[in-house]
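One file, data-v1.cif, carrying mmCIF, C-alpha atoms:
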```cif
data_query
loop_
_atom_site.group_PDB
_atom_site.id
_atom_site.type_symbol
_atom_site.label_atom_id
_atom_site.label_comp_id
_atom_site.auth_asym_id
_atom_site.auth_seq_id
_atom_site.Cartn_x
_atom_site.Cartn_y
_atom_site.Cartn_z
ATOM 1 C CA MET B 1 171.521 -16.320 72.709
ATOM 2 C CA THR B 2 169.005 -16.473 75.547
ATOM 3 C CA VAL B 3 167.670 -13.527 77.494
ATOM 4 C CA TYR B 4 169.510 -14.856 80.548
ATOM 5 C CA SER B 5 172.858 -14.974 78.775
ATOM 6 C CA ASN B 6 172.274 -11.483 77.343
ATOM 7 C CA VAL B 7 171.511 -10.074 80.787
ATOM 8 C CA LYS B 8 174.547 -11.831 82.295
ATOM 9 C CA GLN B 9 176.762 -10.483 79.509
ATOM 10 C CA CYS B 10 175.383 -6.979 80.045
ATOM 11 C CA LEU B 11 176.034 -7.302 83.784
ATOM 12 C CA ALA B 12 179.642 -8.272 83.122
ATOM 13 C CA SER B 13 180.040 -5.254 80.841
ATOM 14 C CA ILE B 14 178.497 -2.953 83.437
ATOM 15 C CA ASN B 15 180.948 -4.265 86.047
ATOM 16 C CA GLY B 16 183.824 -3.353 83.752
ATOM 17 C CA ILE B 17 182.419 0.092 83.054
ATOM 18 C CA GLU B 18 181.938 0.751 86.761
ATOM 19 C CA THR B 19 185.558 -0.216 87.419
ATOM 20 C CA GLN B 20 186.812 2.020 84.618
ATOM 21 C CA LEU B 21 184.824 4.989 85.896
ATOM 22 C CA SER B 22 186.205 4.435 89.373
ATOM 23 C CA ASN B 23 189.747 4.372 88.004
ATOM 24 C CA PHE B 24 189.120 7.544 86.006
ATOM 25 C CA ALA B 25 187.791 9.276 89.121
ATOM 26 C CA LEU B 26 190.810 8.224 91.161
ATOM 27 C CA ASN B 27 193.368 9.125 88.513
ATOM 28 C CA SER B 28 191.925 12.398 87.275
ATOM 29 C CA GLN B 29 193.711 15.603 88.264
ATOM 30 C CA ASP B 30 190.684 17.817 87.634
ATOM 31 C CA GLU B 31 188.258 17.924 90.556
ATOM 32 C CA LYS B 32 185.223 18.506 88.315
ATOM 33 C CA ALA B 33 186.194 15.506 86.214
ATOM 34 C CA GLN B 34 186.639 13.415 89.365
ATOM 35 C CA GLN B 35 183.144 14.378 90.498
ATOM 36 C CA ALA B 36 181.646 13.652 87.090
ATOM 37 C CA PHE B 37 183.290 10.223 86.916
ATOM 38 C CA HIS B 38 182.188 9.475 90.469
ATOM 39 C CA ARG B 39 178.574 10.448 89.732
ATOM 40 C CA ALA B 40 178.614 8.329 86.582
ATOM 41 C CA MET B 41 180.049 5.414 88.569
ATOM 42 C CA LEU B 42 177.223 5.714 91.114
ATOM 43 C CA LEU B 43 174.613 5.804 88.351
ATOM 44 C CA VAL B 44 176.126 2.739 86.694
ATOM 45 C CA GLY B 45 176.128 1.064 90.115
ATOM 46 C CA GLU B 46 172.362 1.564 90.309
ATOM 47 C CA VAL B 47 171.934 -0.013 86.880
ATOM 48 C CA LYS B 48 174.152 -2.907 88.015
ATOM 49 C CA LYS B 49 171.919 -3.506 91.042
ATOM 50 C CA GLU B 50 168.827 -3.615 88.821
ATOM 51 C CA LEU B 51 170.514 -6.093 86.477
ATOM 52 C CA GLN B 52 171.536 -8.275 89.408
ATOM 53 C CA ILE B 53 167.907 -8.315 90.564
ATOM 54 C CA ARG B 54 166.841 -9.321 87.052
ATOM 55 C CA VAL B 55 169.400 -12.149 86.991
ATOM 56 C CA THR B 56 168.012 -13.430 90.298
ATOM 57 C CA GLU B 57 164.466 -13.257 88.915
ATOM 58 C CA LEU B 58 165.476 -15.161 85.793
ATOM 59 C CA GLU B 59 167.214 -17.827 87.865
ATOM 60 C CA PHE B 60 164.071 -18.196 89.973
ATOM 61 C CA GLN B 61 161.773 -18.379 86.936
ATOM 62 C CA GLU B 62 164.048 -20.698 84.974
ATOM 63 C CA PRO B 63 165.696 -23.227 87.304
ATOM 64 C CA GLN B 64 168.110 -24.409 84.605
ATOM 65 C CA TYR B 65 169.927 -21.059 84.946
ATOM 66 C CA LYS B 66 170.595 -21.412 88.668
ATOM 67 C CA PRO B 67 174.312 -21.680 89.369
ATOM 68 C CA THR B 68 175.266 -25.033 90.775
#
```
Using structure tokens, write down the structure that the file contains.
Amino acid sequence: MTVYSNVKQCLASINGIETQLSNFALNSQDEKAQQAFHRAMLLVGEVKKELQIRVTELEFQEPQYKPT
């Protein structure tokens, strides 16, 4: 598996995790839990942004990975 495919797979996983954390925050009855899930979601969102930047860099460095 290439670095590009690993990063893309990780990005897809991070998207799922971010969605799950959002759902937990929305569905939790405990306010402290809601806040904790929300903070975790924001942190994961930052990681997602960094991975998206890395994907763009890889696509620039390796033209074969550019989406058509």
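Omitting Met41 (chain B) and its sequence neighbours fewer than 4 positions away, and counting all atoms listed in the file, the residues within 10 Å are Ile14, Ile17, Glu18, Thr19, Gln20, Leu21, Ser22, Asn23, Phe24, Ala25, Gln35, Ala36, Phe37, Gly45, Glu46 and Val47 of chain B.
Of the residues listed (B:Arg39, B:Leu26, B:Val44, B:Lys32), B:Val44 shows the shortest atom-to-atom separation from Cys10 (chain B); distances use all atoms listed in the file.
Straight-line separation from CA of Leu51 (chain B) to CA of Ala33 (chain B): 26.7 Å.
Among B:Ala40, B:Ser28, B:Tyr4, B:Asn15, the residue with the shortest atom-to-atom distance to Glu57 (chain B), counting only C-alpha atoms, is B:Tyr4.
Run against this file, the PyMOL selection byres ((chain B and resi 7-9) around 12) gives back Met1, Thr2, Val3, Tyr4, Ser5, Asn6, Cys10, Leu11, Ala12, Ser13, Ile14, Asn15, Gly16, Val47, Lys48, Glu50, Leu51, Gln52, Ile53, Arg54, Val55, Thr56, Glu57, Leu58, Glu59 and Tyr65 of chain B.
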Expected file: the selected residues, C-alpha atoms, as a short mmCIF file (atom, residue, chain, number, x, y, z; two decimals), in the coordinates of the input:
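Writing done, so here's result35.cif:
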```
data_model
loop_
_atom_site.label_atom_id
_atom_site.label_comp_id
_atom_site.auth_asym_id
_atom_site.auth_seq_id
_atom_site.Cartn_x
_atom_site.Cartn_y
_atom_site.Cartn_z
CA MET B 1 171.52 -16.32 72.71
CA THR B 2 169.00 -16.47 75.55
CA VAL B 3 167.67 -13.53 77.49
CA TYR B 4 169.51 -14.86 80.55
CA SER B 5 172.86 -14.97 78.78
CA ASN B 6 172.27 -11.48 77.34
CA CYS B 10 175.38 -6.98 80.04
CA LEU B 11 176.03 -7.30 83.78
CA ALA B 12 179.64 -8.27 83.12
CA SER B 13 180.04 -5.25 80.84
CA ILE B 14 178.50 -2.95 83.44
CA ASN B 15 180.95 -4.26 86.05
CA GLY B 16 183.82 -3.35 83.75
CA VAL B 47 171.93 -0.01 86.88
CA LYS B 48 174.15 -2.91 88.02
CA GLU B 50 168.83 -3.62 88.82
CA LEU B 51 170.51 -6.09 86.48
CA GLN B 52 171.54 -8.28 89.41
CA ILE B 53 167.91 -8.32 90.56
CA ARG B 54 166.84 -9.32 87.05
CA VAL B 55 169.40 -12.15 86.99
CA THR B 56 168.01 -13.43 90.30
CA GLU B 57 164.47 -13.26 88.92
CA LEU B 58 165.48 -15.16 85.79
CA GLU B 59 167.21 -17.83 87.86
CA TYR B 65 169.93 -21.06 84.95
#
```
